[in-house]
$ cat start-v7.txt   # compact mmCIF, N, CA and C atoms
# COMPACT_ATOMS: atom_id res chain seq x y z
N MET A 242 156.07 95.22 84.35
CA MET A 242 155.25 94.31 83.61
C MET A 242 154.78 95.00 82.33
N ARG A 243 154.92 94.32 81.27
CA ARG A 243 154.60 94.88 79.97
C ARG A 243 153.28 94.32 79.46
N ILE A 244 152.41 95.21 78.89
CA ILE A 244 151.12 94.78 78.34
C ILE A 244 151.36 94.28 76.92
N LYS A 245 150.84 93.11 76.64
CA LYS A 245 151.04 92.52 75.32
C LYS A 245 150.16 93.22 74.29
N PRO A 246 150.65 93.36 73.08
CA PRO A 246 149.89 94.07 72.02
C PRO A 246 148.53 93.43 71.71
N ARG A 247 148.41 92.14 71.85
CA ARG A 247 147.13 91.51 71.53
C ARG A 247 146.05 91.92 72.52
N PHE A 248 146.41 92.21 73.79
CA PHE A 248 145.43 92.71 74.75
C PHE A 248 145.01 94.14 74.41
N LEU A 249 145.96 94.96 73.95
CA LEU A 249 145.63 96.31 73.53
C LEU A 249 144.69 96.30 72.32
N ILE A 250 144.98 95.44 71.36
CA ILE A 250 144.13 95.35 70.17
C ILE A 250 142.75 94.83 70.55
N GLY A 251 142.68 93.80 71.38
CA GLY A 251 141.40 93.26 71.82
C GLY A 251 140.59 94.29 72.59
N GLY A 252 141.22 95.02 73.50
CA GLY A 252 140.54 96.07 74.26
C GLY A 252 140.04 97.19 73.35
N GLY A 253 140.85 97.54 72.37
CA GLY A 253 140.45 98.57 71.39
C GLY A 253 139.25 98.14 70.58
N LEU A 254 139.23 96.86 70.18
CA LEU A 254 138.08 96.35 69.42
C LEU A 254 136.81 96.34 70.27
N ILE A 255 136.93 95.99 71.52
CA ILE A 255 135.76 95.99 72.41
C ILE A 255 135.23 97.41 72.59
N VAL A 256 136.12 98.38 72.83
CA VAL A 256 135.71 99.77 72.99
C VAL A 256 135.06 100.29 71.71
N ALA A 257 135.62 99.95 70.55
CA ALA A 257 135.05 100.39 69.27
C ALA A 257 133.66 99.77 69.04
N ALA A 258 133.50 98.50 69.40
CA ALA A 258 132.20 97.85 69.24
C ALA A 258 131.15 98.49 70.15
N ILE A 259 131.50 98.78 71.38
CA ILE A 259 130.57 99.42 72.30
C ILE A 259 130.20 100.82 71.81
N ALA A 260 131.17 101.58 71.33
CA ALA A 260 130.90 102.92 70.81
C ALA A 260 129.97 102.85 69.60
N TYR A 261 130.19 101.88 68.73
CA TYR A 261 129.31 101.70 67.56
C TYR A 261 127.89 101.38 67.99
N LEU A 262 127.72 100.47 68.94
CA LEU A 262 126.38 100.11 69.41
C LEU A 262 125.67 101.30 70.06
N ILE A 263 126.37 102.10 70.82
CA ILE A 263 125.77 103.27 71.46
C ILE A 263 125.32 104.29 70.42
N THR A 264 126.17 104.59 69.44
CA THR A 264 125.79 105.58 68.43
C THR A 264 124.64 105.09 67.56
N THR A 265 124.62 103.81 67.23
CA THR A 265 123.53 103.26 66.43
C THR A 265 122.22 103.31 67.20
N ALA A 266 122.23 102.94 68.46
CA ALA A 266 121.02 102.97 69.28
C ALA A 266 120.53 104.40 69.46
N ALA A 267 121.42 105.33 69.67
CA ALA A 267 121.03 106.73 69.86
C ALA A 267 120.43 107.29 68.57
N ARG A 268 120.99 106.94 67.44
CA ARG A 268 120.47 107.43 66.16
C ARG A 268 119.07 106.88 65.89
N ASN A 269 118.84 105.61 66.19
CA ASN A 269 117.52 105.02 65.96
C ASN A 269 116.49 105.55 66.95
N ALA A 270 116.88 105.78 68.18
CA ALA A 270 115.94 106.27 69.19
C ALA A 270 115.61 107.74 68.98
N ALA A 271 116.50 108.49 68.36
CA ALA A 271 116.29 109.91 68.16
C ALA A 271 115.48 110.20 66.90
N GLU A 272 114.99 109.18 66.24
CA GLU A 272 114.21 109.33 65.03
C GLU A 272 112.90 110.05 65.33
N TYR A 273 112.65 111.15 64.64
CA TYR A 273 111.40 111.85 64.86
C TYR A 273 110.40 111.45 63.80
N TYR A 274 109.16 111.87 63.97
CA TYR A 274 108.15 111.49 62.99
C TYR A 274 107.87 112.63 62.03
N LEU A 275 107.38 112.26 60.87
CA LEU A 275 106.99 113.22 59.84
C LEU A 275 105.48 113.43 59.91
N THR A 276 105.02 114.57 59.48
CA THR A 276 103.59 114.78 59.32
C THR A 276 103.20 114.23 57.96
N VAL A 277 101.91 114.08 57.72
CA VAL A 277 101.45 113.55 56.43
C VAL A 277 101.91 114.44 55.27
N PRO A 278 101.77 115.77 55.33
CA PRO A 278 102.25 116.59 54.21
C PRO A 278 103.75 116.46 53.98
N GLU A 279 104.54 116.35 55.06
CA GLU A 279 105.98 116.17 54.90
C GLU A 279 106.29 114.83 54.23
N ALA A 280 105.61 113.78 54.63
CA ALA A 280 105.85 112.46 54.04
C ALA A 280 105.48 112.45 52.57
N VAL A 281 104.37 113.09 52.20
CA VAL A 281 103.96 113.15 50.79
C VAL A 281 104.97 113.95 49.98
N ALA A 282 105.42 115.07 50.52
CA ALA A 282 106.37 115.92 49.81
C ALA A 282 107.75 115.27 49.66
N ARG A 283 108.16 114.46 50.62
CA ARG A 283 109.51 113.89 50.61
C ARG A 283 109.56 112.42 50.23
N GLN A 284 108.46 111.85 49.71
CA GLN A 284 108.44 110.40 49.47
C GLN A 284 109.48 109.95 48.45
N SER A 285 109.77 110.75 47.43
CA SER A 285 110.80 110.34 46.45
C SER A 285 112.18 110.41 47.09
N GLU A 286 112.40 111.38 47.96
CA GLU A 286 113.68 111.51 48.65
C GLU A 286 113.89 110.40 49.68
N LEU A 287 112.81 110.01 50.35
CA LEU A 287 112.90 108.99 51.40
C LEU A 287 113.06 107.59 50.84
N GLY A 288 112.59 107.38 49.61
CA GLY A 288 112.70 106.06 48.99
C GLY A 288 111.97 105.02 49.80
N SER A 289 112.62 103.89 50.04
CA SER A 289 111.97 102.81 50.79
C SER A 289 112.54 102.69 52.21
N GLN A 290 113.11 103.77 52.72
CA GLN A 290 113.66 103.71 54.07
C GLN A 290 112.55 103.77 55.12
N ARG A 291 112.89 103.38 56.33
CA ARG A 291 111.92 103.37 57.43
C ARG A 291 111.54 104.80 57.81
N VAL A 292 110.25 104.98 58.06
CA VAL A 292 109.75 106.30 58.45
C VAL A 292 108.72 106.15 59.57
N ARG A 293 108.49 107.24 60.26
CA ARG A 293 107.40 107.37 61.22
C ARG A 293 106.56 108.53 60.74
N VAL A 294 105.28 108.30 60.56
CA VAL A 294 104.39 109.34 60.06
C VAL A 294 103.22 109.49 61.03
N ALA A 295 102.95 110.73 61.43
CA ALA A 295 101.84 111.03 62.33
C ALA A 295 100.69 111.59 61.52
N GLY A 296 99.50 111.09 61.78
CA GLY A 296 98.32 111.59 61.08
C GLY A 296 97.06 111.19 61.82
N ARG A 297 95.93 111.53 61.22
CA ARG A 297 94.63 111.19 61.80
C ARG A 297 93.94 110.21 60.86
N VAL A 298 93.37 109.15 61.42
CA VAL A 298 92.70 108.12 60.62
C VAL A 298 91.51 108.75 59.91
N SER A 299 91.49 108.61 58.61
CA SER A 299 90.43 109.19 57.78
C SER A 299 89.14 108.38 57.93
N PRO A 300 88.00 109.05 58.14
CA PRO A 300 86.73 108.34 58.30
C PRO A 300 86.37 107.56 57.04
N GLY A 301 85.84 106.35 57.23
CA GLY A 301 85.40 105.53 56.11
C GLY A 301 86.50 104.79 55.39
N SER A 302 87.74 104.86 55.89
CA SER A 302 88.84 104.22 55.19
C SER A 302 89.36 102.96 55.88
N VAL A 303 88.81 102.63 57.04
CA VAL A 303 89.33 101.52 57.84
C VAL A 303 88.79 100.19 57.34
N SER A 304 89.71 99.24 57.14
CA SER A 304 89.35 97.87 56.78
C SER A 304 90.18 96.93 57.65
N TRP A 305 89.51 96.05 58.39
CA TRP A 305 90.20 95.13 59.32
C TRP A 305 89.80 93.71 58.99
N ASP A 306 90.80 92.85 58.72
CA ASP A 306 90.57 91.44 58.47
C ASP A 306 91.21 90.66 59.61
N PRO A 307 90.42 90.23 60.62
CA PRO A 307 91.01 89.56 61.77
C PRO A 307 91.61 88.20 61.45
N ALA A 308 91.11 87.52 60.43
CA ALA A 308 91.66 86.20 60.08
C ALA A 308 93.08 86.33 59.55
N ALA A 309 93.33 87.35 58.73
CA ALA A 309 94.66 87.55 58.14
C ALA A 309 95.48 88.56 58.93
N LEU A 310 94.92 89.13 59.98
CA LEU A 310 95.57 90.18 60.76
C LEU A 310 96.07 91.30 59.84
N THR A 311 95.17 91.80 59.00
CA THR A 311 95.51 92.87 58.07
C THR A 311 94.63 94.08 58.34
N LEU A 312 95.27 95.18 58.66
CA LEU A 312 94.59 96.44 58.91
C LEU A 312 95.00 97.42 57.83
N SER A 313 94.03 97.99 57.12
CA SER A 313 94.35 99.01 56.13
C SER A 313 93.46 100.22 56.38
N PHE A 314 94.03 101.38 56.18
CA PHE A 314 93.33 102.63 56.41
C PHE A 314 94.11 103.76 55.75
N ALA A 315 93.54 104.94 55.75
CA ALA A 315 94.21 106.13 55.23
C ALA A 315 94.40 107.11 56.36
N ILE A 316 95.52 107.82 56.32
CA ILE A 316 95.73 108.88 57.31
C ILE A 316 95.79 110.22 56.60
N ALA A 317 95.25 111.21 57.27
CA ALA A 317 95.21 112.57 56.77
C ALA A 317 96.00 113.45 57.75
N PRO A 318 96.32 114.67 57.34
CA PRO A 318 97.01 115.57 58.27
C PRO A 318 96.16 115.84 59.51
N ILE A 319 96.82 116.01 60.64
CA ILE A 319 96.13 116.36 61.87
C ILE A 319 95.79 117.85 61.80
N PRO A 320 94.51 118.20 61.95
CA PRO A 320 94.12 119.62 61.83
C PRO A 320 94.82 120.47 62.89
N GLU A 321 95.20 121.67 62.49
CA GLU A 321 95.80 122.63 63.41
C GLU A 321 94.68 123.25 64.25
N GLY A 322 95.04 123.73 65.41
CA GLY A 322 94.03 124.43 66.21
C GLY A 322 93.92 123.88 67.59
N ASP A 323 92.70 123.86 68.09
CA ASP A 323 92.41 123.47 69.47
C ASP A 323 92.77 122.01 69.69
N GLY A 324 93.80 121.76 70.51
CA GLY A 324 94.23 120.40 70.76
C GLY A 324 93.29 119.61 71.64
N ALA A 325 92.40 120.30 72.37
CA ALA A 325 91.49 119.60 73.27
C ALA A 325 90.26 119.08 72.54
N ARG A 326 89.96 119.62 71.38
CA ARG A 326 88.79 119.17 70.62
C ARG A 326 89.24 118.31 69.46
N VAL A 327 88.66 117.17 69.32
CA VAL A 327 88.98 116.29 68.20
C VAL A 327 88.18 116.75 67.00
N GLN A 328 88.90 117.09 65.94
CA GLN A 328 88.24 117.52 64.71
C GLN A 328 88.34 116.40 63.69
N PRO A 329 87.30 116.22 62.88
CA PRO A 329 87.39 115.18 61.86
C PRO A 329 88.52 115.48 60.87
N ALA A 330 89.14 114.42 60.40
CA ALA A 330 90.21 114.58 59.42
C ALA A 330 89.59 114.83 58.06
N ALA A 331 89.87 115.98 57.50
CA ALA A 331 89.37 116.31 56.16
C ALA A 331 90.58 116.57 55.29
N ALA A 332 90.72 115.84 54.20
CA ALA A 332 91.88 115.99 53.35
C ALA A 332 91.51 115.67 51.92
N THR A 333 92.30 116.21 51.01
CA THR A 333 92.13 115.85 49.62
C THR A 333 92.84 114.54 49.37
N ALA A 334 92.61 113.94 48.22
CA ALA A 334 93.24 112.66 47.90
C ALA A 334 94.76 112.77 47.87
N GLN A 335 95.30 113.95 47.52
CA GLN A 335 96.75 114.13 47.48
C GLN A 335 97.36 114.15 48.87
N GLN A 336 96.56 114.49 49.88
CA GLN A 336 97.07 114.57 51.24
C GLN A 336 96.90 113.27 52.01
N LEU A 337 96.18 112.32 51.49
CA LEU A 337 95.97 111.05 52.18
C LEU A 337 97.14 110.10 51.92
N VAL A 338 97.50 109.36 52.95
CA VAL A 338 98.51 108.31 52.82
C VAL A 338 97.83 107.00 53.18
N GLN A 339 97.87 106.03 52.27
CA GLN A 339 97.29 104.72 52.51
C GLN A 339 98.26 103.88 53.34
N VAL A 340 97.75 103.21 54.35
CA VAL A 340 98.57 102.41 55.25
C VAL A 340 98.03 100.98 55.27
N VAL A 341 98.95 100.01 55.16
CA VAL A 341 98.59 98.60 55.31
C VAL A 341 99.52 98.00 56.33
N CYS A 342 98.94 97.42 57.37
CA CYS A 342 99.71 96.77 58.43
C CYS A 342 99.29 95.31 58.49
N LYS A 343 100.23 94.40 58.23
CA LYS A 343 99.94 92.97 58.22
C LYS A 343 100.65 92.27 59.38
N GLY A 344 99.98 91.28 59.93
CA GLY A 344 100.61 90.44 60.93
C GLY A 344 100.60 90.99 62.34
N GLN A 345 99.89 92.08 62.57
CA GLN A 345 99.80 92.67 63.90
C GLN A 345 98.34 92.78 64.30
N PRO A 346 98.01 92.59 65.55
CA PRO A 346 96.62 92.81 65.99
C PRO A 346 96.29 94.30 65.91
N LYS A 347 95.00 94.60 65.74
CA LYS A 347 94.57 95.99 65.69
C LYS A 347 94.72 96.60 67.08
N PRO A 348 95.32 97.79 67.17
CA PRO A 348 95.46 98.42 68.49
C PRO A 348 94.10 98.64 69.15
N ASP A 349 94.04 98.52 70.47
CA ASP A 349 92.79 98.64 71.21
C ASP A 349 92.09 99.97 70.99
N MET A 350 92.83 101.05 70.98
CA MET A 350 92.23 102.38 70.88
C MET A 350 92.13 102.87 69.43
N PHE A 351 92.35 102.01 68.47
CA PHE A 351 92.30 102.41 67.06
C PHE A 351 90.86 102.67 66.64
N ALA A 352 90.62 103.81 66.01
CA ALA A 352 89.28 104.16 65.51
C ALA A 352 89.41 105.30 64.51
N GLU A 353 88.32 105.55 63.79
CA GLU A 353 88.31 106.68 62.86
C GLU A 353 88.48 107.98 63.65
N ASN A 354 89.10 108.96 63.01
CA ASN A 354 89.38 110.27 63.60
C ASN A 354 90.26 110.20 64.85
N ARG A 355 91.06 109.16 64.96
CA ARG A 355 91.99 109.01 66.08
C ARG A 355 93.39 109.31 65.54
N ASP A 356 94.19 110.00 66.33
CA ASP A 356 95.57 110.29 65.93
C ASP A 356 96.41 109.03 66.07
N VAL A 357 97.24 108.77 65.06
CA VAL A 357 98.10 107.60 65.06
C VAL A 357 99.50 107.98 64.61
N ILE A 358 100.47 107.17 65.00
CA ILE A 358 101.82 107.24 64.47
C ILE A 358 102.09 105.89 63.83
N VAL A 359 102.44 105.92 62.56
CA VAL A 359 102.64 104.71 61.77
C VAL A 359 104.14 104.55 61.53
N GLU A 360 104.68 103.37 61.82
CA GLU A 360 106.08 103.08 61.55
C GLU A 360 106.15 102.01 60.48
N GLY A 361 106.94 102.28 59.44
CA GLY A 361 107.07 101.31 58.35
C GLY A 361 107.90 101.87 57.21
N ARG A 362 107.65 101.32 56.01
CA ARG A 362 108.40 101.73 54.82
C ARG A 362 107.46 102.28 53.76
N ILE A 363 107.94 103.28 53.05
CA ILE A 363 107.18 103.81 51.93
C ILE A 363 107.29 102.81 50.79
N VAL A 364 106.14 102.39 50.25
CA VAL A 364 106.15 101.34 49.21
C VAL A 364 105.61 101.84 47.87
N GLY A 365 105.19 103.04 47.80
CA GLY A 365 104.67 103.58 46.54
C GLY A 365 104.17 104.98 46.75
N ALA A 366 103.48 105.50 45.75
CA ALA A 366 102.95 106.85 45.85
C ALA A 366 101.91 106.91 46.97
N ASN A 367 102.23 107.68 47.99
CA ASN A 367 101.33 107.88 49.13
C ASN A 367 100.89 106.57 49.77
N ALA A 368 101.81 105.64 49.93
CA ALA A 368 101.48 104.34 50.55
C ALA A 368 102.61 103.91 51.48
N ILE A 369 102.21 103.34 52.62
CA ILE A 369 103.18 102.86 53.61
C ILE A 369 102.81 101.43 53.99
N ALA A 370 103.81 100.55 54.00
CA ALA A 370 103.65 99.20 54.55
C ALA A 370 104.12 99.30 56.00
N ALA A 371 103.18 99.30 56.92
CA ALA A 371 103.49 99.52 58.33
C ALA A 371 103.77 98.21 59.04
N ASP A 372 104.68 98.26 60.00
CA ASP A 372 104.87 97.11 60.87
C ASP A 372 104.49 97.46 62.30
N GLN A 373 104.10 98.72 62.52
CA GLN A 373 103.61 99.11 63.84
C GLN A 373 102.70 100.32 63.70
N VAL A 374 101.58 100.29 64.42
CA VAL A 374 100.64 101.41 64.48
C VAL A 374 100.44 101.77 65.94
N LEU A 375 100.78 102.99 66.29
CA LEU A 375 100.64 103.48 67.66
C LEU A 375 99.49 104.47 67.71
N THR A 376 98.59 104.30 68.64
CA THR A 376 97.46 105.22 68.76
C THR A 376 97.69 106.20 69.89
N SER A 377 97.07 107.35 69.76
CA SER A 377 97.11 108.33 70.83
C SER A 377 95.80 109.09 70.82
N CYS A 378 95.45 109.61 71.94
CA CYS A 378 94.22 110.38 72.03
C CYS A 378 94.45 111.50 73.03
N PRO A 379 94.94 112.66 72.59
CA PRO A 379 95.26 113.72 73.53
C PRO A 379 94.04 114.28 74.24
N SER A 380 92.85 114.10 73.68
CA SER A 380 91.67 114.69 74.29
C SER A 380 90.97 113.77 75.28
N LYS A 381 91.38 112.52 75.38
CA LYS A 381 90.65 111.57 76.20
C LYS A 381 90.64 111.97 77.67
N TYR A 382 91.74 112.47 78.17
CA TYR A 382 91.83 112.77 79.59
C TYR A 382 91.77 114.27 79.87
N ALA A 383 91.42 115.06 78.86
CA ALA A 383 91.32 116.52 79.07
C ALA A 383 90.04 116.85 79.82
N ALA A 384 90.12 117.89 80.61
CA ALA A 384 88.93 118.33 81.36
C ALA A 384 87.90 118.90 80.40
N LYS A 385 86.64 118.70 80.72
CA LYS A 385 85.57 119.25 79.88
C LYS A 385 85.54 120.77 80.03
N ALA A 386 85.23 121.41 78.91
CA ALA A 386 85.12 122.87 78.92
C ALA A 386 83.85 123.28 79.65
N PRO A 387 83.90 124.35 80.47
CA PRO A 387 82.68 124.79 81.16
C PRO A 387 81.68 125.36 80.16
N HIS A 388 80.41 125.12 80.42
CA HIS A 388 79.36 125.59 79.50
C HIS A 388 78.87 126.94 79.92

$ encode --input "start-v7.txt" --output "structure tokens"
Amino acid sequence: MRIKPRFLIGGGLIVAAIAYLITTAARNAAEYYLTVPEAVARQSELGSQRVRVAGRVSPGSVSWDPAALTLSFAIAPIPEGDGARVQPAAATAQQLVQVVCKGQPKPDMFAENRDVIVEGRIVGANAIAADQVLTSCPSKYAAKAPH
């Protein structure tokens, strides 16, 4: 029994499509995040491509409009040091990245001095149009230090 060429071509196309989908999914899932200083330094290189940036919400920068579902804030670099103690984000204006997220509800754990990962596109000098804001709090479940 002989296999017809159209079945070989069809099978090859199916295998190629599956391989393409697997590599594309793996590439998108393997995307790591940038720190605020890395994002500021590489913003001209990154252009308007999608990025993930990790930072700490700067105090006094949060603005939430529940009617328009618009959240805007600034993120600063996460301070180095003791991971169990939350330190306030202190940064110069050059180190701050302005973030605007429209059309999404404000995350439940979102607050000033909270670590966040922002996913979106760079839209200008030190500015990101986010479509997702993920919050984290590494110190929330840490044991208290003995006195």

$ atom_distance --input "start-v7.txt" --atom1 "atom CA of Gln336 of chain A" --atom2 "atom C of Glu353 of chain A"
16.5 Å

$ atom_distance --input "start-v7.txt" --atom1 "atom N of Glu360 of chain A" --atom2 "atom N of Leu375 of chain A"
5.9 Å

$ closest_residue --input "start-v7.txt" --among "A:Leu310, A:Ile369, A:Ala267, A:Leu262" --to "Lys343 of chain A" --atoms "only N, CA and C atoms"
A:Leu310

$ axis_aligned_box --input "start-v7.txt" --around "segment 250-268 of chain A" --padding-each-side "4 Å" --output "AutoDock Vina command-line options"
--center_x 132.0 --center_y 100.3 --center_z 70.1 --size_x 33.9 --size_y 22.2 --size_z 16.4

$ closest_residue --input "start-v7.txt" --among "A:Pro346, A:Tyr274, A:Gly251, A:Trp305" --to "Val292 of chain A" --atoms "only N, CA and C atoms"
A:Tyr274

$ atom_distance --input "start-v7.txt" --atom1 "atom C of Ile358 of chain A" --atom2 "atom CA of Ala295 of chain A"
5.4 Å

$ select_by_dssp --input "start-v7.txt" --residues "segment 281-380 of chain A" --states "alpha helix (DSSP H)" --output "ChimeraX atom specification"
/A:281-282,284-287

$ residues_around --input "start-v7.txt" --residues "Val303 of chain A" --least-positions-apart "3" --cutoff "6.5 Å" --atoms "all atoms listed in the file" --output "list in words"
Ser299, Pro300, Ser313, Phe314 and Ala315 of chain A

$ write_last_selection --input "start-v7.txt" --atoms "N, CA and C atoms" --output "PDB file, in the frame of the given file"
ATOM      1  N   SER A 299      91.490 108.610  58.610  1.00  0.00           N
ATOM      2  CA  SER A 299      90.430 109.190  57.780  1.00  0.00           C
ATOM      3  C   SER A 299      89.140 108.380  57.930  1.00  0.00           C
ATOM      4  N   PRO A 300      88.000 109.050  58.140  1.00  0.00           N
ATOM      5  CA  PRO A 300      86.730 108.340  58.300  1.00  0.00           C
ATOM      6  C   PRO A 300      86.370 107.560  57.040  1.00  0.00           C
ATOM      7  N   SER A 313      94.030  97.990  57.120  1.00  0.00           N
ATOM      8  CA  SER A 313      94.350  99.010  56.130  1.00  0.00           C
ATOM      9  C   SER A 313      93.460 100.220  56.380  1.00  0.00           C
ATOM     10  N   PHE A 314      94.030 101.380  56.180  1.00  0.00           N
ATOM     11  CA  PHE A 314      93.330 102.630  56.410  1.00  0.00           C
ATOM     12  C   PHE A 314      94.110 103.760  55.750  1.00  0.00           C
ATOM     13  N   ALA A 315      93.540 104.940  55.750  1.00  0.00           N
ATOM     14  CA  ALA A 315      94.210 106.130  55.230  1.00  0.00           C
ATOM     15  C   ALA A 315      94.400 107.110  56.360  1.00  0.00           C
TER      16      ALA A 315
END

$ closest_residue --input "start-v7.txt" --among "A:Arg243, A:Gly361, A:Ser377, A:Cys342" --to "Arg293 of chain A" --atoms "only C-alpha atoms"
A:Gly361

$ closest_residue --input "start-v7.txt" --among "A:Thr276, A:Ala368, A:Glu321, A:Val374" --to "Lys347 of chain A" --atoms "only N, CA and C atoms"
A:Val374

$ select_by_dssp --input "start-v7.txt" --residues "segment 260-349 of chain A" --states "strand (DSSP E or B)" --output "number ranges by chain"
A: 275-276, 291-298, 304-306, 311-317, 338-343

$ write_last_selection --input "start-v7.txt" --atoms "N, CA and C atoms" --output "short mmCIF file (atom, residue, chain, number, x, y, z; two decimals), in the frame of the given file"
data_model
loop_
_atom_site.label_atom_id
_atom_site.label_comp_id
_atom_site.auth_asym_id
_atom_site.auth_seq_id
_atom_site.Cartn_x
_atom_site.Cartn_y
_atom_site.Cartn_z
N LEU A 275 107.38 112.26 60.87
CA LEU A 275 106.99 113.22 59.84
C LEU A 275 105.48 113.43 59.91
N THR A 276 105.02 114.57 59.48
CA THR A 276 103.59 114.78 59.32
C THR A 276 103.20 114.23 57.96
N ARG A 291 112.89 103.38 56.33
CA ARG A 291 111.92 103.37 57.43
C ARG A 291 111.54 104.80 57.81
N VAL A 292 110.25 104.98 58.06
CA VAL A 292 109.75 106.30 58.45
C VAL A 292 108.72 106.15 59.57
N ARG A 293 108.49 107.24 60.26
CA ARG A 293 107.40 107.37 61.22
C ARG A 293 106.56 108.53 60.74
N VAL A 294 105.28 108.30 60.56
CA VAL A 294 104.39 109.34 60.06
C VAL A 294 103.22 109.49 61.03
N ALA A 295 102.95 110.73 61.43
CA ALA A 295 101.84 111.03 62.33
C ALA A 295 100.69 111.59 61.52
N GLY A 296 99.50 111.09 61.78
CA GLY A 296 98.32 111.59 61.08
C GLY A 296 97.06 111.19 61.82
N ARG A 297 95.93 111.53 61.22
CA ARG A 297 94.63 111.19 61.80
C ARG A 297 93.94 110.21 60.86
N VAL A 298 93.37 109.15 61.42
CA VAL A 298 92.70 108.12 60.62
C VAL A 298 91.51 108.75 59.91
N SER A 304 89.71 99.24 57.14
CA SER A 304 89.35 97.87 56.78
C SER A 304 90.18 96.93 57.65
N TRP A 305 89.51 96.05 58.39
CA TRP A 305 90.20 95.13 59.32
C TRP A 305 89.80 93.71 58.99
N ASP A 306 90.80 92.85 58.72
CA ASP A 306 90.57 91.44 58.47
C ASP A 306 91.21 90.66 59.61
N THR A 311 95.17 91.80 59.00
CA THR A 311 95.51 92.87 58.07
C THR A 311 94.63 94.08 58.34
N LEU A 312 95.27 95.18 58.66
CA LEU A 312 94.59 96.44 58.91
C LEU A 312 95.00 97.42 57.83
N SER A 313 94.03 97.99 57.12
CA SER A 313 94.35 99.01 56.13
C SER A 313 93.46 100.22 56.38
N PHE A 314 94.03 101.38 56.18
CA PHE A 314 93.33 102.63 56.41
C PHE A 314 94.11 103.76 55.75
N ALA A 315 93.54 104.94 55.75
CA ALA A 315 94.21 106.13 55.23
C ALA A 315 94.40 107.11 56.36
N ILE A 316 95.52 107.82 56.32
CA ILE A 316 95.73 108.88 57.31
C ILE A 316 95.79 110.22 56.60
N ALA A 317 95.25 111.21 57.27
CA ALA A 317 95.21 112.57 56.77
C ALA A 317 96.00 113.45 57.75
N VAL A 338 97.50 109.36 52.95
CA VAL A 338 98.51 108.31 52.82
C VAL A 338 97.83 107.00 53.18
N GLN A 339 97.87 106.03 52.27
CA GLN A 339 97.29 104.72 52.51
C GLN A 339 98.26 103.88 53.34
N VAL A 340 97.75 103.21 54.35
CA VAL A 340 98.57 102.41 55.25
C VAL A 340 98.03 100.98 55.27
N VAL A 341 98.95 100.01 55.16
CA VAL A 341 98.59 98.60 55.31
C VAL A 341 99.52 98.00 56.33
N CYS A 342 98.94 97.42 57.37
CA CYS A 342 99.71 96.77 58.43
C CYS A 342 99.29 95.31 58.49
N LYS A 343 100.23 94.40 58.23
CA LYS A 343 99.94 92.97 58.22
C LYS A 343 100.65 92.27 59.38
#

$ closest_residue --input "start-v7.txt" --among "A:Ile319, A:Gly301, A:Pro307, A:Ala280" --to "Asn367 of chain A" --atoms "all atoms listed in the file"
A:Ala280

$ closest_residue --input "start-v7.txt" --among "A:Gly365, A:Tyr273, A:Ser304, A:Gly252" --to "Ser289 of chain A" --atoms "only N, CA and C atoms"
A:Gly365

$ residues_around --input "start-v7.txt" --residues "Asp356 of chain A" --least-positions-apart "3" --cutoff "5 Å" --atoms "only N, CA and C atoms" --output "PDB file with N, CA and C atoms, in the frame of the given file"
ATOM      1  N   GLY A 296      99.500 111.090  61.780  1.00  0.00           N
ATOM      2  CA  GLY A 296      98.320 111.590  61.080  1.00  0.00           C
ATOM      3  C   GLY A 296      97.060 111.190  61.820  1.00  0.00           C
ATOM      4  N   ARG A 297      95.930 111.530  61.220  1.00  0.00           N
ATOM      5  CA  ARG A 297      94.630 111.190  61.800  1.00  0.00           C
ATOM      6  C   ARG A 297      93.940 110.210  60.860  1.00  0.00           C
ATOM      7  N   THR A 376      98.590 104.300  68.640  1.00  0.00           N
ATOM      8  CA  THR A 376      97.460 105.220  68.760  1.00  0.00           C
ATOM      9  C   THR A 376      97.690 106.200  69.890  1.00  0.00           C
ATOM     10  N   SER A 377      97.070 107.350  69.760  1.00  0.00           N
ATOM     11  CA  SER A 377      97.110 108.330  70.830  1.00  0.00           C
ATOM     12  C   SER A 377      95.800 109.090  70.820  1.00  0.00           C
TER      13      SER A 377
END

$ build_atoms --input "start-v7.txt" --residues "segment 286-291 of chain A" --atoms "N, CA, C and O atoms" --output "compact mmCIF listing (two decimals), keeping the file's coordinate frame"
# COMPACT_ATOMS: atom_id res chain seq x y z
N GLU A 286 112.40 111.38 47.96
CA GLU A 286 113.68 111.51 48.65
C GLU A 286 113.89 110.40 49.68
O GLU A 286 114.99 109.89 49.86
N LEU A 287 112.81 110.01 50.35
CA LEU A 287 112.90 108.99 51.40
C LEU A 287 113.06 107.59 50.84
O LEU A 287 113.57 106.71 51.51
N GLY A 288 112.59 107.38 49.61
CA GLY A 288 112.70 106.06 48.99
C GLY A 288 111.97 105.02 49.80
O GLY A 288 110.84 105.22 50.22
N SER A 289 112.62 103.89 50.04
CA SER A 289 111.97 102.81 50.79
C SER A 289 112.54 102.69 52.21
O SER A 289 112.46 101.64 52.82
N GLN A 290 113.11 103.77 52.72
CA GLN A 290 113.66 103.71 54.07
C GLN A 290 112.55 103.77 55.12
O GLN A 290 111.43 104.15 54.83
N ARG A 291 112.89 103.38 56.33
CA ARG A 291 111.92 103.37 57.43
C ARG A 291 111.54 104.80 57.81
O ARG A 291 112.39 105.68 57.86
